[in-house]
file my_file03.pdb (PDB, C-alpha atoms, pLDDT in the B column)
ATOM      1  CA  MET D 311      60.207 186.605  -3.041  1.00 69.00           C
ATOM      2  CA  ILE D 312      61.078 185.056   0.267  1.00 76.00           C
ATOM      3  CA  ASP D 313      62.671 187.044   3.080  1.00 73.00           C
ATOM      4  CA  PHE D 314      63.795 184.994   6.076  1.00 63.00           C
ATOM      5  CA  SER D 315      65.323 186.295   9.285  1.00 68.00           C
ATOM      6  CA  ILE D 316      65.931 184.670  12.636  1.00 69.00           C
ATOM      7  CA  ASP D 317      65.905 186.173  16.117  1.00 70.00           C
ATOM      8  CA  LYS D 318      68.503 184.001  17.829  1.00 66.00           C
ATOM      9  CA  LEU D 319      67.580 185.331  21.268  1.00 69.00           C
ATOM     10  CA  ASN D 320      64.238 183.524  21.320  1.00 78.00           C
ATOM     11  CA  SER D 321      64.883 181.156  18.397  1.00 86.00           C
ATOM     12  CA  THR D 322      62.084 182.566  16.263  1.00 89.00           C
ATOM     13  CA  GLY D 323      62.380 182.633  12.515  1.00 88.00           C
ATOM     14  CA  THR D 324      60.226 185.004  10.490  1.00 90.00           C
ATOM     15  CA  MET D 325      59.501 184.316   6.842  1.00 90.00           C
ATOM     16  CA  LYS D 326      57.879 187.096   4.815  1.00 91.00           C
ATOM     17  CA  LEU D 327      56.418 185.801   1.576  1.00 91.00           C
ATOM     18  CA  SER D 328      55.492 188.090  -1.284  1.00 90.00           C
ATOM     19  CA  GLY D 329      54.682 188.135  -4.969  1.00 90.00           C
ATOM     20  CA  ASP D 330      54.052 184.987  -6.982  1.00 90.00           C
ATOM     21  CA  LEU D 331      54.246 181.751  -4.996  1.00 91.00           C
ATOM     22  CA  SER D 332      53.825 179.134  -7.689  1.00 91.00           C
ATOM     23  CA  VAL D 333      55.441 175.956  -8.948  1.00 92.00           C
ATOM     24  CA  GLN D 334      58.192 178.032 -10.595  1.00 92.00           C
ATOM     25  CA  ASN D 335      59.311 179.144  -7.124  1.00 90.00           C
ATOM     26  CA  ALA D 336      58.609 175.857  -5.318  1.00 91.00           C
ATOM     27  CA  ALA D 337      62.240 174.722  -5.024  1.00 92.00           C
ATOM     28  CA  THR D 338      63.306 178.064  -3.536  1.00 91.00           C
ATOM     29  CA  LEU D 339      60.368 178.058  -1.126  1.00 92.00           C
ATOM     30  CA  LYS D 340      61.076 174.469  -0.090  1.00 92.00           C
ATOM     31  CA  GLU D 341      64.686 175.327   0.764  1.00 91.00           C
ATOM     32  CA  ALA D 342      63.630 178.418   2.704  1.00 91.00           C
ATOM     33  CA  LEU D 343      61.038 176.438   4.672  1.00 91.00           C
ATOM     34  CA  LEU D 344      63.608 173.744   5.481  1.00 90.00           C
ATOM     35  CA  ASP D 345      66.057 176.416   6.654  1.00 89.00           C
ATOM     36  CA  GLY D 346      63.335 177.945   8.800  1.00 88.00           C
ATOM     37  CA  LEU D 347      62.394 174.585  10.265  1.00 88.00           C
ATOM     38  CA  ASN D 348      65.997 173.653  11.027  1.00 90.00           C
ATOM     39  CA  SER D 349      67.114 176.976  12.470  1.00 89.00           C
ATOM     40  CA  SER D 350      64.224 177.974  14.711  1.00 91.00           C
ATOM     41  CA  GLU D 351      61.901 176.639  17.366  1.00 91.00           C
ATOM     42  CA  THR D 352      59.065 178.870  16.175  1.00 91.00           C
ATOM     43  CA  LEU D 353      58.570 179.694  12.508  1.00 91.00           C
ATOM     44  CA  VAL D 354      56.399 182.726  11.766  1.00 90.00           C
ATOM     45  CA  ILE D 355      55.041 183.028   8.213  1.00 91.00           C
ATOM     46  CA  ASP D 356      53.725 186.339   6.920  1.00 90.00           C
ATOM     47  CA  PHE D 357      51.533 186.171   3.782  1.00 90.00           C
ATOM     48  CA  ALA D 358      50.650 189.901   3.730  1.00 90.00           C
ATOM     49  CA  LYS D 359      52.272 190.649   0.364  1.00 90.00           C
ATOM     50  CA  VAL D 360      51.425 187.447  -1.525  1.00 92.00           C
ATOM     51  CA  GLU D 361      49.877 188.253  -4.908  1.00 91.00           C
ATOM     52  CA  ARG D 362      49.411 184.730  -6.264  1.00 91.00           C
ATOM     53  CA  MET D 363      49.666 181.237  -4.844  1.00 92.00           C
ATOM     54  CA  ASP D 364      49.105 177.776  -6.299  1.00 92.00           C
ATOM     55  CA  LEU D 365      48.665 174.205  -5.122  1.00 92.00           C
ATOM     56  CA  SER D 366      52.423 173.535  -4.932  1.00 92.00           C
ATOM     57  CA  THR D 367      52.777 176.237  -2.265  1.00 91.00           C
ATOM     58  CA  VAL D 368      49.853 174.889  -0.254  1.00 89.00           C
ATOM     59  CA  GLN D 369      51.384 171.408  -0.367  1.00 90.00           C
ATOM     60  CA  LEU D 370      54.781 172.710   0.782  1.00 91.00           C
ATOM     61  CA  LEU D 371      53.204 174.616   3.648  1.00 89.00           C
ATOM     62  CA  CYS D 372      51.233 171.558   4.748  1.00 85.00           C
ATOM     63  CA  ALA D 373      54.362 169.388   4.614  1.00 87.00           C
ATOM     64  CA  THR D 374      56.219 171.999   6.677  1.00 89.00           C
ATOM     65  CA  HIS D 375      53.355 172.128   9.159  1.00 86.00           C
ATOM     66  CA  ARG D 376      53.424 168.350   9.524  1.00 84.00           C
ATOM     67  CA  ALA D 377      57.227 168.368  10.046  1.00 89.00           C
ATOM     68  CA  ILE D 378      56.970 171.134  12.631  1.00 88.00           C
ATOM     69  CA  ASN D 379      54.297 169.250  14.550  1.00 84.00           C
ATOM     70  CA  GLU D 380      56.414 166.076  14.505  1.00 89.00           C
ATOM     71  CA  SER D 381      59.434 167.950  15.824  1.00 91.00           C
ATOM     72  CA  ASN D 382      57.486 169.668  18.627  1.00 90.00           C
ATOM     73  CA  LYS D 383      58.173 173.109  17.189  1.00 91.00           C
ATOM     74  CA  ASN D 384      55.676 175.875  16.422  1.00 89.00           C
ATOM     75  CA  LEU D 385      54.318 177.392  13.245  1.00 88.00           C
ATOM     76  CA  VAL D 386      52.539 180.729  13.482  1.00 87.00           C
ATOM     77  CA  ILE D 387      50.816 182.654  10.723  1.00 87.00           C
ATOM     78  CA  ALA D 388      51.352 186.383  11.212  1.00 87.00           C
ATOM     79  CA  GLY D 389      48.411 188.722  10.888  1.00 83.00           C
ATOM     80  CA  THR D 390      45.459 188.118   8.643  1.00 83.00           C
ATOM     81  CA  ILE D 391      45.588 185.606   5.823  1.00 84.00           C
ATOM     82  CA  PRO D 392      44.972 187.524   2.551  1.00 87.00           C
ATOM     83  CA  ALA D 393      41.920 186.646   0.446  1.00 89.00           C
ATOM     84  CA  ILE D 394      44.038 185.275  -2.423  1.00 89.00           C
ATOM     85  CA  VAL D 395      45.690 182.809  -0.045  1.00 87.00           C
ATOM     86  CA  LYS D 396      42.343 181.760   1.458  1.00 85.00           C
ATOM     87  CA  GLU D 397      40.860 181.275  -2.019  1.00 88.00           C
ATOM     88  CA  THR D 398      43.758 179.067  -3.110  1.00 89.00           C
ATOM     89  CA  ILE D 399      43.470 176.942   0.024  1.00 85.00           C
ATOM     90  CA  LEU D 400      39.707 176.524  -0.433  1.00 84.00           C
ATOM     91  CA  GLU D 401      39.938 175.766  -4.170  1.00 86.00           C
ATOM     92  CA  ALA D 402      42.642 173.179  -3.514  1.00 84.00           C
ATOM     93  CA  GLY D 403      40.510 171.496  -0.844  1.00 80.00           C
ATOM     94  CA  TYR D 404      43.092 172.086   1.886  1.00 74.00           C
ATOM     95  CA  THR D 405      40.878 173.678   4.489  1.00 68.00           C
ATOM     96  CA  SER D 406      42.901 171.794   7.077  1.00 63.00           C
ATOM     97  CA  CYS D 407      46.555 171.008   6.679  1.00 55.00           C
ATOM     98  CA  MET D 408      46.724 167.336   7.528  1.00 40.00           C
ATOM     99  CA  GLY D 409      43.155 166.219   6.999  1.00 46.00           C
ATOM    100  CA  ASP D 410      40.227 165.863   9.359  1.00 47.00           C
ATOM    101  CA  ASP D 411      42.506 165.127  12.298  1.00 49.00           C
ATOM    102  CA  ASP D 412      44.425 168.427  12.069  1.00 49.00           C
ATOM    103  CA  MET D 413      44.002 169.850  15.533  1.00 49.00           C
ATOM    104  CA  SER D 414      46.707 172.481  15.274  1.00 53.00           C
ATOM    105  CA  GLY D 415      44.728 174.965  13.189  1.00 56.00           C
ATOM    106  CA  LEU D 416      47.259 176.037  10.567  1.00 68.00           C
ATOM    107  CA  TRP D 417      44.633 177.830   8.530  1.00 63.00           C
ATOM    108  CA  THR D 418      42.083 178.471  11.260  1.00 57.00           C
ATOM    109  CA  LYS D 419      44.635 179.650  13.846  1.00 52.00           C
ATOM    110  CA  GLU D 420      42.739 177.732  16.526  1.00 44.00           C
ATOM    111  CA  SER D 421      45.954 176.694  18.235  1.00 36.00           C
ATOM    112  CA  ASN D 422      49.627 176.158  17.511  1.00 36.00           C
TER     113      ASN D 422
END

call {"tool": "encode", "arguments": {"input": "my_file03.pdb", "output": "structure tokens"}}
result
Amino acid sequence: MIDFSIDKLNSTGTMKLSGDLSVQNAATLKEALLDGLNSSETLVIDFAKVERMDLSTVQLLCATHRAINESNKNLVIAGTIPAIVKETILEAGYTSCMGDDDMSGLWTKESN
């Protein structure tokens, strides 16, 4: 499930992801991420209730991260990244979002 809300006062969109984030839900997630990107200056993603995630979700998040960086907007990961999300990222080989030159720290939260 994807719950998206926007605080128009400071143009921050918050996306709470939960349940099964897999290829079966990829089209819905893609649309939600595009809405978040287009309607906010800062997109906050909360993974707290994610139970399962696959490569398609990681790829969509990396594409969103790249688009946000290109548009001079911000992507923030809320709270702690759950173990299941970390495991999926590691198994997929996506320890950084855009490759070795990713300086924005999507997964490491070094900066945004």

call {"tool": "atom_distance", "arguments": {"input": "my_file03.pdb", "atom1": "atom CA of D:Glu401", "atom2": "atom CA of D:Asp313"}}
result
26.4 Å

call {"tool": "atom_distance", "arguments": {"input": "my_file03.pdb", "atom1": "atom CA of D:Ala358", "atom2": "atom CA of D:Ala388"}}
result
8.3 Å

call {"tool": "atom_distance", "arguments": {"input": "my_file03.pdb", "atom1": "atom CA of D:Ser321", "atom2": "atom CA of D:Arg376"}}
result
19.3 Å

call {"tool": "closest_residue", "arguments": {"input": "my_file03.pdb", "among": "D:Asp356, D:Glu361, D:Glu380, D:Glu351", "to": "D:Leu327", "atoms": "only C-alpha atoms"}}
result
D:Asp356

call {"tool": "resolve_selection", "arguments": {"input": "my_file03.pdb", "expression": "the PyMOL selection byres ((chain D and resi 352) around 6)", "output": "PyMOL selection string"}}
result
chain D and resi 322+350-351+353+383-385
